[in-house]
Each structure stands twice: as structure tokens, then as C-alpha cells.
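Enquirer: The following block contains the structure, expressed as C-alpha cells.
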Amino acid sequence: MAAKSQTVTSLTLDDCYRLARQNFPLIKQKDLIQKTREYSIDNISKGYLPQFLINGQATYQSDVTEIPIKLPNTTIPTLDKDQYKLYAEVNQTVFDGGVKKLEKHSVEAHAAVEQQKLEVELYKLNERINQLFFGILLTNEQLAQTDMLKKDIQLGITKINAAIANGTALKSSGDALQAELLKADQRAIELKSATIGYRDMLSLFINKPLDEHVVLERPAKIIASPVISRPEILMYDTEKKSLDVQTSLIKAKNLPKAGLFLQGGYGRPALNMLKNDFDAYYIGGAKITWSLSGLYTSKKEKALVSVKSKSVDLQKEVFLFNTNLTLKKQNAEISKLEQLIQSDNGIIQLRSPGS
């Protein structure tokens, strides 16, 4: 992706985080997760609307109902063995045990988990920005130190050349300093090349052109917090909430369901079984259904959810353990670097003109 707009003159670390996040292709996944959530909830809401069914059947049966009575001067019709039926049925759920409501909660919880997984991936982007941002700062400082070293070597060469001219020093001493100067030049070339590489990569991440004059502002001293506030923690918590919803959904699916229905059709015979002609009919009423087969598996289904919940707890515990170890290591490294910085500042002050 090519860098766009005007060249940036100064940047903070937070600016880099923000721009990199906006430019990273994975951020588009956020909108896709939101749209998936909206479509799923909308489809579940349709379950509260009347449900329509059209059915038809044609059958032939081996026997039909007959009235074993003979009345004088009366012919009791006999049903045909081929029978036909075409009907439409409307069902309206009145009580579903809270299944639809919990299905919405399940979609919400799943979307929250996916969003948090995305945040975890985007957080990793900050680590890459850190490497580039502080890589530029470090190489710039190393370049400044190398320039100081070159000035010291050049000063030494001037002095040794004067001593050689006066016959108080050997030419080999001057050659040794010239070799050190060449090594310092090589080191400067390597550092400049590394700086350009870091700057070009950072430019791609933030989608802004950066030249050699860009100023990266040093971040304020970071005070380490004993509380871990990483996006992974919230991800584990949202996964636990999602599993809690699944447990409630298992219970709700095994509750009785109640609803209203209306059926209208055309067939032979209709509702009057003594009339062997095609006729229209309708039936309406209320019904209660209770599927007991779910009770066979609900205990194991709840146990599976419980196992998944314990697995999430274990993953969170392992993450916290490893993160704490990393923090201790980083705190020790920060302490060492702070001491080195203080030492370097002292050296710079001693070597600065007028000190």
C-alpha cells in the first residue's frame, strides 16, 4: 500500500498506534462482525412472527370407516379409499421458554467474543509499531554516538600526525587511527541503512510518507502497573459469558412451548367424515408441545459447556502466568536501560564542548 498525503514532520507513539490501526486491513473485519450480528438477530426476531406452512397429500388406504347400520330408505355414504388434502396452516408462538431471547443473547455474546479476538490481533500490531518506532530512536542515538566517536578519532589523527611530523610518534600509530575511523564510517553506514529500513516500514504501516527529517517524540516515562489490562483478559471473560448463555439455552430448549394455530384447507373427505365429497374446512385453537427427547442429552450438553468453561479458565490462568513472567523480565530490562541512559548522559556531558 503506497503512502499518501503530505510528509509527516513529527510523530508520537500514540499517533503511530492510531494511524496503523486505521490503515491495517484487519480493521475491516470489525464491520463484518457487526453486520453478521445484526443479520443474525434480525433473523431470530422473525421467529416471533406468524409461521406459515402449506401442505398437501394424496393417499390410498386399505380400508375406510363404515357405519355398520342399515336404515330403511336411507343410504349411508361410504368413503373412497383414495383421499386428498391441501391445506395452509398458521402458527403463532405464545411461549417458547425464552429460547428466542437467549438465542439473541448468544449471538450478542458470540459477536463480543469475535470483536475481542480482533482486538487481540490489533494489539499485536502495537508491538510491531513499538519495534519500528523505538528502532528508529535507537539507531538515531547510535548514529549520534558514532559521530562523536568519529570526531574523537579525527582529533586523535590530527594530534598523531603532528607528533609524526615532529618525529615523536610512529606512522603505524596514525594508520591504526585511520583504520578505526574507517570502522566508524562503516558503522555509520550500517546504522543509516537500518534507520531507513525502519522508517520505510513504519511509513507503510501508518500510510504516511516519512523522510529523514521526521521527528519522533520520545514517549513519557512509563510506570509499570501491577494490574494486567490486556485485551486477552476481556476476551476470556466474554468467552465465559458466551458459555453461560449456552447453558441457559440448553435449559430453555427443554421447556414446554405454547402457541396458537389456524389451519384451513380443501380435501376429500373434509371434517365431515360422512360426506364423501371435496369440501373446504378450517380448524383453529391452542396447542402445547413438550419434546422430552432433549432431556436425554441435556446433562451431557451442560457437562460439555462446563468443560469448555474450565478450559477458558485454564487458558486465562496460563496467559496471566506467562504475562507476569514477561513483565518481570521487562521491568528488569527497563531498570538496566535507565541506568545505562544515566551513564550515557554523564559521558555526553563530559565530552560536550565547554564542559
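The way I read the labels, and the way they are meant: chains A, B, ... in the order of the C-alpha cells, residue 1 as the first residue of every chain, and ligand 1 as the first ligand shown, with later ones counted on from there.
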Got a sec to tell me which of range 266-306 of chain A DSSP assigns to alpha helix (DSSP H), as a PyMOL selection string?

Expert: chain A and resi 294-306

Enquirer: So which residues of range 27-250 of chain A fall under strand (DSSP E) by DSSP, listed as a PDB file with N, CA and C atoms, in the first residue's frame?

Expert:
ATOM      1  N   GLN A  51     -45.846 -18.087  11.638  1.00  0.00           N
ATOM      2  CA  GLN A  51     -45.150 -19.007  10.740  1.00  0.00           C
ATOM      3  C   GLN A  51     -46.173 -19.704   9.844  1.00  0.00           C
ATOM      4  N   PHE A  52     -45.936 -19.660   8.530  1.00  0.00           N
ATOM      5  CA  PHE A  52     -46.888 -20.197   7.560  1.00  0.00           C
ATOM      6  C   PHE A  52     -46.381 -21.521   6.995  1.00  0.00           C
ATOM      7  N   LEU A  53     -47.327 -22.439   6.784  1.00  0.00           N
ATOM      8  CA  LEU A  53     -46.994 -23.755   6.245  1.00  0.00           C
ATOM      9  C   LEU A  53     -48.065 -24.151   5.241  1.00  0.00           C
ATOM     10  N   ILE A  54     -47.647 -24.598   4.073  1.00  0.00           N
ATOM     11  CA  ILE A  54     -48.572 -25.132   3.075  1.00  0.00           C
ATOM     12  C   ILE A  54     -48.220 -26.600   2.856  1.00  0.00           C
ATOM     13  N   ASN A  55     -49.244 -27.456   2.935  1.00  0.00           N
ATOM     14  CA  ASN A  55     -49.003 -28.896   2.834  1.00  0.00           C
ATOM     15  C   ASN A  55     -50.094 -29.539   1.980  1.00  0.00           C
ATOM     16  N   GLY A  56     -49.733 -30.585   1.312  1.00  0.00           N
ATOM     17  CA  GLY A  56     -50.694 -31.324   0.513  1.00  0.00           C
ATOM     18  C   GLY A  56     -50.361 -32.795   0.510  1.00  0.00           C
ATOM     19  N   GLN A  57     -51.375 -33.620   0.395  1.00  0.00           N
ATOM     20  CA  GLN A  57     -51.118 -35.055   0.360  1.00  0.00           C
ATOM     21  C   GLN A  57     -52.242 -35.778  -0.365  1.00  0.00           C
ATOM     22  N   ALA A  58     -51.869 -36.854  -1.000  1.00  0.00           N
ATOM     23  CA  ALA A  58     -52.833 -37.744  -1.651  1.00  0.00           C
ATOM     24  C   ALA A  58     -52.515 -39.149  -1.174  1.00  0.00           C
ATOM     25  N   THR A  59     -53.520 -39.865  -0.672  1.00  0.00           N
ATOM     26  CA  THR A  59     -53.273 -41.180  -0.085  1.00  0.00           C
ATOM     27  C   THR A  59     -54.268 -42.207  -0.612  1.00  0.00           C
ATOM     28  N   TYR A  60     -53.843 -43.435  -0.509  1.00  0.00           N
ATOM     29  CA  TYR A  60     -54.745 -44.554  -0.779  1.00  0.00           C
ATOM     30  C   TYR A  60     -54.605 -45.508   0.398  1.00  0.00           C
ATOM     31  N   ASP A  82     -59.289 -43.596  -1.860  1.00  0.00           N
ATOM     32  CA  ASP A  82     -58.323 -42.564  -2.255  1.00  0.00           C
ATOM     33  C   ASP A  82     -58.796 -41.225  -1.689  1.00  0.00           C
ATOM     34  N   GLN A  83     -57.922 -40.579  -0.924  1.00  0.00           N
ATOM     35  CA  GLN A  83     -58.282 -39.356  -0.221  1.00  0.00           C
ATOM     36  C   GLN A  83     -57.246 -38.264  -0.521  1.00  0.00           C
ATOM     37  N   TYR A  84     -57.693 -36.992  -0.472  1.00  0.00           N
ATOM     38  CA  TYR A  84     -56.845 -35.872  -0.862  1.00  0.00           C
ATOM     39  C   TYR A  84     -56.994 -34.725   0.148  1.00  0.00           C
ATOM     40  N   LYS A  85     -55.908 -34.027   0.315  1.00  0.00           N
ATOM     41  CA  LYS A  85     -55.950 -32.915   1.269  1.00  0.00           C
ATOM     42  C   LYS A  85     -54.907 -31.870   0.863  1.00  0.00           C
ATOM     43  N   LEU A  86     -55.313 -30.615   0.841  1.00  0.00           N
ATOM     44  CA  LEU A  86     -54.419 -29.480   0.608  1.00  0.00           C
ATOM     45  C   LEU A  86     -54.807 -28.400   1.615  1.00  0.00           C
ATOM     46  N   TYR A  87     -53.846 -27.997   2.456  1.00  0.00           N
ATOM     47  CA  TYR A  87     -54.212 -27.038   3.498  1.00  0.00           C
ATOM     48  C   TYR A  87     -53.053 -26.091   3.789  1.00  0.00           C
ATOM     49  N   ALA A  88     -53.406 -24.946   4.356  1.00  0.00           N
ATOM     50  CA  ALA A  88     -52.431 -23.963   4.833  1.00  0.00           C
ATOM     51  C   ALA A  88     -52.593 -23.838   6.344  1.00  0.00           C
ATOM     52  N   GLU A  89     -51.464 -23.651   7.025  1.00  0.00           N
ATOM     53  CA  GLU A  89     -51.512 -23.565   8.486  1.00  0.00           C
ATOM     54  C   GLU A  89     -50.696 -22.362   8.953  1.00  0.00           C
ATOM     55  N   VAL A  90     -51.222 -21.660   9.917  1.00  0.00           N
ATOM     56  CA  VAL A  90     -50.545 -20.520  10.524  1.00  0.00           C
ATOM     57  C   VAL A  90     -50.323 -20.839  11.997  1.00  0.00           C
ATOM     58  N   ASN A  91     -49.057 -20.701  12.438  1.00  0.00           N
ATOM     59  CA  ASN A  91     -48.720 -20.944  13.837  1.00  0.00           C
ATOM     60  C   ASN A  91     -48.144 -19.669  14.452  1.00  0.00           C
ATOM     61  N   GLN A  92     -48.602 -19.316  15.619  1.00  0.00           N
ATOM     62  CA  GLN A  92     -48.103 -18.148  16.341  1.00  0.00           C
ATOM     63  C   GLN A  92     -47.597 -18.584  17.710  1.00  0.00           C
ATOM     64  N   THR A  93     -46.290 -18.412  17.924  1.00  0.00           N
ATOM     65  CA  THR A  93     -45.707 -18.782  19.213  1.00  0.00           C
ATOM     66  C   THR A  93     -46.167 -17.812  20.291  1.00  0.00           C
ATOM     67  N   VAL A  94     -46.625 -18.349  21.403  1.00  0.00           N
ATOM     68  CA  VAL A  94     -47.024 -17.548  22.553  1.00  0.00           C
ATOM     69  C   VAL A  94     -45.961 -17.631  23.646  1.00  0.00           C
ATOM     70  N   PHE A  95     -45.434 -18.824  23.880  1.00  0.00           N
ATOM     71  CA  PHE A  95     -44.395 -19.034  24.880  1.00  0.00           C
ATOM     72  C   PHE A  95     -43.410 -20.073  24.351  1.00  0.00           C
ATOM     73  N   LEU A 210       7.405   9.262   5.310  1.00  0.00           N
ATOM     74  CA  LEU A 210       8.330   9.751   6.336  1.00  0.00           C
ATOM     75  C   LEU A 210       9.705   9.940   5.705  1.00  0.00           C
ATOM     76  N   ASP A 211      10.283  11.126   5.873  1.00  0.00           N
ATOM     77  CA  ASP A 211      11.632  11.347   5.355  1.00  0.00           C
ATOM     78  C   ASP A 211      12.628  11.402   6.507  1.00  0.00           C
ATOM     79  N   GLU A 212      13.876  11.696   6.181  1.00  0.00           N
ATOM     80  CA  GLU A 212      14.928  11.671   7.208  1.00  0.00           C
ATOM     81  C   GLU A 212      14.789  12.806   8.221  1.00  0.00           C
ATOM     82  N   HIS A 213      13.920  13.784   7.932  1.00  0.00           N
ATOM     83  CA  HIS A 213      13.768  14.921   8.845  1.00  0.00           C
ATOM     84  C   HIS A 213      12.630  14.722   9.851  1.00  0.00           C
ATOM     85  N   VAL A 214      11.898  13.615   9.757  1.00  0.00           N
ATOM     86  CA  VAL A 214      10.785  13.392  10.674  1.00  0.00           C
ATOM     87  C   VAL A 214      11.305  13.306  12.106  1.00  0.00           C
ATOM     88  N   VAL A 215      10.564  13.913  13.018  1.00  0.00           N
ATOM     89  CA  VAL A 215      10.934  13.914  14.436  1.00  0.00           C
ATOM     90  C   VAL A 215      10.004  12.975  15.193  1.00  0.00           C
ATOM     91  N   LEU A 216      10.573  11.949  15.803  1.00  0.00           N
ATOM     92  CA  LEU A 216       9.790  11.035  16.629  1.00  0.00           C
ATOM     93  C   LEU A 216       9.900  11.490  18.080  1.00  0.00           C
TER      94      LEU A 216
END

Enquirer: Kindly give the distance, in Å, that separates CA of Leu271 in chain A and CA of Asp80 in chain A, rounded to a single decimal.

Expert: 14.6 Å

Enquirer: Grab the CA of Ser291 in chain A to CA of Leu260 in chain A distance for me, in Å with one decimal place.

Expert: 17.3 Å

Enquirer: Could you check which of A:Lys81, A:Phe24, A:Glu38, A:Ser298 is closest to Asn276 in chain A, using only C-alpha atoms?

Expert: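 Closest residue, counting only C-alpha atoms: A:Lys81.
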
Enquirer: Which residues are close to Arg187 in chain A, i.e. within 10 Å by only C-alpha atoms, leaving aside same-chain residues fewer than 4 positions away? Reply as a count of residues only.

Expert: 10

Enquirer: Given the choices A:Met201, A:Ile41, A:Ala332, A:Leu295, which gets closest to Lys251 in chain A if the distance is worked out from only C-alpha atoms?

Expert: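 Checking each candidate against Lys251 in chain A, we get A:Leu295 as the closest.
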
Enquirer: When you draw a straight line from CA of Asn254 in chain A to CA of His105 in chain A, how long is it in Å?

Expert: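 A separation of 17.6 Å between them.
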
Enquirer: I'd like the neighbourhood of Ile76 in chain A as a ChimeraX atom specification, where a residue qualifies if any of its atoms comes within 8 Å (using only C-alpha atoms), though same-chain residues fewer than 3 positions away should be ignored.

Expert: /A:67,70,274

Enquirer: Pull the closest atom pair for each residue of range 186-239 of chain A that gets at most 8 Å from range 113-132 of chain A, along with the distance in Å to one decimal, counting only C-alpha atoms, ordering rows by chain and then ascending residue number, as a tab-separated table.

Expert:
residue	atom	partner	partner_atom	distance
A:Tyr198	CA	A:Leu132	CA	5.3
A:Arg199	CA	A:Leu132	CA	7.3
A:Met201	CA	A:Leu132	CA	7.4
A:Leu202	CA	A:Leu132	CA	6.1
A:Phe205	CA	A:Ile129	CA	7.9
A:Pro231	CA	A:Val120	CA	5.5
A:Glu232	CA	A:Val120	CA	6.0
A:Leu234	CA	A:Gln116	CA	7.0
A:Met235	CA	A:Gln116	CA	5.2
A:Thr238	CA	A:Val113	CA	5.6
A:Glu239	CA	A:Val113	CA	5.9

Enquirer: Selection from above, N, CA, C and O atoms, as a short mmCIF file (atom, residue, chain, number, x, y, z; two decimals), in the first residue's frame, can you write it?

Expert:
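Written file, part_31.cif:
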data_model
loop_
_atom_site.label_atom_id
_atom_site.label_comp_id
_atom_site.auth_asym_id
_atom_site.auth_seq_id
_atom_site.Cartn_x
_atom_site.Cartn_y
_atom_site.Cartn_z
N TYR A 198 13.74 0.91 8.94
CA TYR A 198 12.70 1.08 9.97
C TYR A 198 11.70 2.16 9.55
O TYR A 198 10.48 1.99 9.70
N ARG A 199 12.22 3.27 9.02
CA ARG A 199 11.36 4.39 8.65
C ARG A 199 10.42 4.02 7.50
O ARG A 199 9.24 4.37 7.50
N MET A 201 9.34 0.98 6.73
CA MET A 201 8.33 0.04 7.20
C MET A 201 7.27 0.76 8.04
O MET A 201 6.07 0.50 7.92
N LEU A 202 7.70 1.69 8.89
CA LEU A 202 6.74 2.46 9.69
C LEU A 202 5.84 3.28 8.77
O LEU A 202 4.63 3.42 9.03
N PHE A 205 3.10 1.07 7.49
CA PHE A 205 2.11 0.74 8.50
C PHE A 205 1.13 1.88 8.73
O PHE A 205 -0.07 1.65 8.87
N PRO A 231 -6.09 -6.96 26.17
CA PRO A 231 -7.37 -7.36 25.56
C PRO A 231 -7.65 -8.85 25.70
O PRO A 231 -8.80 -9.27 25.63
N GLU A 232 -6.62 -9.67 25.91
CA GLU A 232 -6.84 -11.10 26.09
C GLU A 232 -7.70 -11.39 27.32
O GLU A 232 -8.50 -12.32 27.32
N LEU A 234 -10.15 -9.56 28.64
CA LEU A 234 -11.56 -9.33 28.29
C LEU A 234 -12.06 -10.41 27.34
O LEU A 234 -13.24 -10.79 27.39
N MET A 235 -11.20 -10.91 26.46
CA MET A 235 -11.61 -11.97 25.54
C MET A 235 -12.02 -13.22 26.32
O MET A 235 -13.04 -13.84 26.04
N THR A 238 -15.40 -12.59 28.00
CA THR A 238 -16.54 -12.66 27.08
C THR A 238 -16.82 -14.10 26.66
O THR A 238 -17.98 -14.47 26.45
N GLU A 239 -15.78 -14.92 26.54
CA GLU A 239 -15.99 -16.33 26.22
C GLU A 239 -16.75 -17.03 27.34
O GLU A 239 -17.63 -17.86 27.09
#

Enquirer: Nearest to Thr297 in chain A: which of A:Asn324, A:Gly97, A:Lys253, A:Asn207 is it, counting only C-alpha atoms?

Expert: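 Counting only C-alpha atoms, the residue closest to Thr297 in chain A is A:Lys253.
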
Enquirer: Give me the residues within 9 Å of Met273 in chain A as a compact mmCIF listing (two decimals) with N, CA, C and O atoms, in the first residue's frame, counting only C-alpha atoms and dropping any in the same chain fewer than 3 places off.

Expert:
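Dumped everything to out36.txt:
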# COMPACT_ATOMS: atom_id res chain seq x y z
N THR A 65 -63.53 -45.95 7.18
CA THR A 65 -64.53 -46.08 8.25
C THR A 65 -65.91 -46.30 7.65
O THR A 65 -66.32 -45.59 6.73
N LEU A 79 -66.99 -43.86 2.28
CA LEU A 79 -65.84 -43.06 1.88
C LEU A 79 -65.00 -43.80 0.85
O LEU A 79 -64.87 -45.04 0.90
N ARG A 268 -60.88 -34.21 0.38
CA ARG A 268 -61.91 -35.23 0.43
C ARG A 268 -61.38 -36.42 1.22
O ARG A 268 -60.37 -37.01 0.83
N PRO A 269 -62.03 -36.72 2.33
CA PRO A 269 -63.14 -36.00 2.98
C PRO A 269 -62.60 -34.79 3.73
O PRO A 269 -61.42 -34.72 4.03
N ALA A 270 -63.52 -33.87 4.05
CA ALA A 270 -63.14 -32.73 4.88
C ALA A 270 -63.34 -33.13 6.34
O ALA A 270 -63.00 -34.24 6.72
N ASN A 276 -68.67 -37.77 1.44
CA ASN A 276 -67.62 -38.24 0.54
C ASN A 276 -67.46 -37.32 -0.66
O ASN A 276 -67.47 -37.75 -1.81

Enquirer: Just checking: using only C-alpha atoms, which residue out of A:Asp31, A:Glu103, A:Glu66, A:Glu301 ends up closest to Asn43 in chain A?

Expert: A:Glu103
